[in-house]
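Structure record follows, encoded as structure tokens.
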Amino acid sequence: MKKLLITLICMVSISNSANAYEIFKPIDTKETISCWASSFPNYTEIIGYSSLGHIFMKSPSDNAYAVLHPFKKGAKSYGVFENTAQFEKQILQEESFQTFVLNLDHVEQIGKHLGPLKEEEIYIPHPYPFLGGDESIDSYSKGNVWVMLEIVGQFYDVCS
């Protein structure tokens with residue numbers, strides 16, 4: 001019985017972590033986040049996004065990776081990695097990144113409130129944090145990641 005309980009706890013932890021972000025084959029930034037592409041010209045590929053709308057970008061010319069924080073109108077570079085799997089292991093699965101950026105506990109609570117996400121869906125707070133939103137659990141709804149990025153980009157006037 002104890003082994004079963006430990007196994008179930010581990011499965012829930014893996015599931016929560018896995019639901020906090022999506023990783024996929026690289027796609028061109030101009031196809032997905034055209035509004036933001038000129039702001040980060042070296043990062044021409046998108047390799048994934050978080051359940052809260054962070055975008056994982058890659059510079060294919062030097063294998064540098066960065067994370068776009070759309071609500072903060074900025075990105076943070078995480079350096080060069082051999083491949084996306086290394087970036088995922090060393091950054092996305094790192095405990096402090098999962099706590100402070102992916103916000104796993106918050107995502108889990110929102111997921112319990114709204115249910116699981118579908119493809120290209122994220123949890124979006126209303127109003128947006130930069131418009132005074134408090135990011136409380138009941139302030140979230142589901143929405144398309146690319147539409148949210150376009151709206152936020154237009155608000156911040158990063159669209160060219």
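Naming scheme: A, B, ... for chains in displayed order of the structure tokens; residues 1 onward per chain; ligands 1 onward as shown.
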
A:Ala64 environment, 7 Å, only C-alpha atoms, sequence neighbours closer than 3 positions dropped, as a ChimeraX atom specification: /A:58-59,79-81

message: Please list as a list in words every residue within 10 Å of A:Glu150, counting only C-alpha atoms and excluding residues in the same chain fewer than 2 positions away.
response: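 Everything that qualifies: Thr32, Ile33, Ser34, Cys35, Trp36, Pro70, Val145, Trp146, Val147, Met148, Val152, Gly153, Gln154, Phe155, Tyr156, Val158 and Cys159 of chain A.
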
What does the file look like for those residues with N, CA and C atoms, as a compact mmCIF listing (two decimals), in the first residue's frame?
# COMPACT_ATOMS: atom_id res chain seq x y z
N THR A 32 4.27 32.56 -35.76
CA THR A 32 3.53 32.41 -34.52
C THR A 32 3.47 33.66 -33.66
N ILE A 33 4.58 34.39 -33.59
CA ILE A 33 4.60 35.58 -32.75
C ILE A 33 5.13 36.76 -33.55
N SER A 34 4.58 36.94 -34.73
CA SER A 34 5.07 37.98 -35.63
C SER A 34 5.13 39.34 -34.96
N CYS A 35 4.21 39.59 -34.07
CA CYS A 35 4.16 40.87 -33.38
C CYS A 35 5.43 41.11 -32.56
N TRP A 36 6.01 40.08 -32.02
CA TRP A 36 7.18 40.18 -31.15
C TRP A 36 8.49 39.91 -31.89
N PRO A 70 5.75 37.79 -21.78
CA PRO A 70 4.95 38.80 -22.48
C PRO A 70 4.32 39.86 -21.56
N VAL A 145 -2.86 30.78 -27.00
CA VAL A 145 -1.58 31.39 -26.68
C VAL A 145 -1.19 32.45 -27.71
N TRP A 146 -1.41 32.17 -29.00
CA TRP A 146 -0.97 33.09 -30.05
C TRP A 146 -1.83 34.35 -30.09
N VAL A 147 -3.11 34.21 -29.81
CA VAL A 147 -4.01 35.36 -29.76
C VAL A 147 -3.62 36.26 -28.58
N MET A 148 -3.36 35.65 -27.42
CA MET A 148 -2.96 36.42 -26.25
C MET A 148 -1.70 37.21 -26.55
N VAL A 152 -1.37 41.31 -26.34
CA VAL A 152 -0.39 41.92 -25.42
C VAL A 152 0.64 42.71 -26.22
N GLY A 153 1.10 42.16 -27.34
CA GLY A 153 2.06 42.86 -28.18
C GLY A 153 1.51 44.17 -28.72
N GLN A 154 0.24 44.16 -29.11
CA GLN A 154 -0.38 45.39 -29.60
C GLN A 154 -0.50 46.43 -28.48
N PHE A 155 -0.86 45.96 -27.30
CA PHE A 155 -0.98 46.87 -26.17
C PHE A 155 0.36 47.53 -25.86
N TYR A 156 1.42 46.74 -25.87
CA TYR A 156 2.76 47.25 -25.58
C TYR A 156 3.41 47.94 -26.79
N VAL A 158 4.65 46.69 -29.54
CA VAL A 158 5.86 46.02 -30.06
C VAL A 158 5.63 45.50 -31.47
N CYS A 159 4.42 45.62 -31.96
CA CYS A 159 4.13 45.15 -33.31
C CYS A 159 4.68 46.13 -34.33

- request: Name the residues of stretch 35-128 of chain A that come out as strand (DSSP E or B) in a backbone DSSP run; write them as a ChimeraX atom specification.
  value: /A:45-50,55-59,64-69,74-80,121-125

Just to be explicit: take each residue in the selection above, keep C-alpha atoms, and write the result as an mmCIF file, in the first residue's frame.
data_model
loop_
_atom_site.group_PDB
_atom_site.id
_atom_site.type_symbol
_atom_site.label_atom_id
_atom_site.label_comp_id
_atom_site.auth_asym_id
_atom_site.auth_seq_id
_atom_site.Cartn_x
_atom_site.Cartn_y
_atom_site.Cartn_z
ATOM 1 C CA GLU A 45 12.387 29.833 -33.576
ATOM 2 C CA ILE A 46 9.737 29.009 -31.005
ATOM 3 C CA ILE A 47 10.208 25.649 -29.314
ATOM 4 C CA GLY A 48 7.394 25.804 -26.776
ATOM 5 C CA TYR A 49 5.360 27.773 -24.253
ATOM 6 C CA SER A 50 4.223 27.547 -20.654
ATOM 7 C CA ILE A 55 7.355 31.583 -24.848
ATOM 8 C CA PHE A 56 10.503 29.471 -25.232
ATOM 9 C CA MET A 57 12.638 30.853 -28.060
ATOM 10 C CA LYS A 58 15.778 29.625 -29.777
ATOM 11 C CA SER A 59 18.468 31.232 -31.883
ATOM 12 C CA ALA A 64 21.022 30.196 -27.548
ATOM 13 C CA TYR A 65 17.712 29.936 -25.710
ATOM 14 C CA ALA A 66 15.530 32.606 -24.126
ATOM 15 C CA VAL A 67 12.155 32.884 -22.447
ATOM 16 C CA LEU A 68 9.735 35.636 -23.438
ATOM 17 C CA HIS A 69 7.710 37.045 -20.536
ATOM 18 C CA GLY A 74 10.766 41.315 -21.995
ATOM 19 C CA ALA A 75 12.779 38.172 -22.359
ATOM 20 C CA LYS A 76 15.581 36.519 -20.440
ATOM 21 C CA SER A 77 18.429 34.715 -22.168
ATOM 22 C CA TYR A 78 19.463 31.417 -20.615
ATOM 23 C CA GLY A 79 22.548 30.870 -22.749
ATOM 24 C CA VAL A 80 23.704 28.234 -25.191
ATOM 25 C CA GLU A 121 -4.433 26.865 -24.973
ATOM 26 C CA ILE A 122 -3.030 28.602 -21.930
ATOM 27 C CA TYR A 123 -4.442 30.007 -18.713
ATOM 28 C CA ILE A 124 -4.893 33.779 -19.047
ATOM 29 C CA PRO A 125 -5.637 36.138 -16.128
#

message: At a cut-off of 9 Å, using only C-alpha atoms, what residues contact A:Glu108? Leave out same-chain residues fewer than 3 positions from it and give the result as a ChimeraX atom specification.
response: /A:16,19-20,103-105,111-113

Prev. selection, N, CA and C atoms, output as a PDB file, in the first residue's frame:
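Output saved as out.pdb:
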ATOM      1  N   ASN A  16       1.893  17.092 -13.167  1.00  0.00           N
ATOM      2  CA  ASN A  16       1.804  18.533 -12.961  1.00  0.00           C
ATOM      3  C   ASN A  16       2.928  19.252 -13.691  1.00  0.00           C
ATOM      4  N   ASN A  19       2.336  19.257 -17.422  1.00  0.00           N
ATOM      5  CA  ASN A  19       1.255  20.135 -17.862  1.00  0.00           C
ATOM      6  C   ASN A  19       1.602  21.616 -17.750  1.00  0.00           C
ATOM      7  N   ALA A  20       2.751  21.937 -17.200  1.00  0.00           N
ATOM      8  CA  ALA A  20       3.125  23.334 -17.010  1.00  0.00           C
ATOM      9  C   ALA A  20       3.681  23.962 -18.283  1.00  0.00           C
ATOM     10  N   ASN A 103       5.553  28.405 -12.147  1.00  0.00           N
ATOM     11  CA  ASN A 103       4.585  28.529 -11.052  1.00  0.00           C
ATOM     12  C   ASN A 103       3.679  27.298 -10.963  1.00  0.00           C
ATOM     13  N   LEU A 104       4.312  26.142 -10.777  1.00  0.00           N
ATOM     14  CA  LEU A 104       3.596  24.858 -10.816  1.00  0.00           C
ATOM     15  C   LEU A 104       2.402  24.773  -9.872  1.00  0.00           C
ATOM     16  N   ASP A 105       2.561  25.253  -8.641  1.00  0.00           N
ATOM     17  CA  ASP A 105       1.447  25.179  -7.686  1.00  0.00           C
ATOM     18  C   ASP A 105       0.247  25.986  -8.178  1.00  0.00           C
ATOM     19  N   GLY A 111      -5.710  24.658 -12.937  1.00  0.00           N
ATOM     20  CA  GLY A 111      -6.149  23.462 -13.650  1.00  0.00           C
ATOM     21  C   GLY A 111      -7.302  22.765 -12.944  1.00  0.00           C
ATOM     22  N   LYS A 112      -7.250  22.722 -11.625  1.00  0.00           N
ATOM     23  CA  LYS A 112      -8.361  22.130 -10.866  1.00  0.00           C
ATOM     24  C   LYS A 112      -9.628  22.962 -11.039  1.00  0.00           C
ATOM     25  N   HIS A 113      -9.459  24.265 -11.141  1.00  0.00           N
ATOM     26  CA  HIS A 113     -10.597  25.182 -11.281  1.00  0.00           C
ATOM     27  C   HIS A 113     -11.177  25.163 -12.700  1.00  0.00           C
TER      28      HIS A 113
END

query: Hey, which of A:Phe71, A:Phe100, A:Phe87, A:Tyr21 ends up closest to A:Phe130? Count only C-alpha atoms.
result: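 Among the listed residues, the smallest separation from A:Phe130 belongs to A:Phe71.
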
message: Just to confirm, what's the straight-line distance from atom CA of A:His106 to atom CA of A:Glu135 in Å (one decimal)?
response: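 Interatomic distance, atom CA of A:His106 to atom CA of A:Glu135: 9.4 Å.
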
query: If you measure from atom CA of A:Phe97 to atom CA of A:Tyr43, what distance in Å do you get, rounded to one decimal?
result: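 It comes out at 20.3 Å.
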
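Compared by their closest atoms to A:Gln109, and using only C-alpha atoms, the residues A:Ala85, A:Ile137, A:Leu131, A:Ile91 rank with A:Ile137 nearest.
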
- prompt: Which residues in stretch 71-147 of chain A does DSSP call helix (DSSP H, G or I)? List them as a ChimeraX atom specification.
  reply: /A:71-72,84-92,95-100,104-114,129-131,137-139,145-147

query: At what distance in Å, to one decimal, does atom CA of A:Asn144 lie from atom CA of A:Ile27?
result: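 A separation of 16.5 Å between them.
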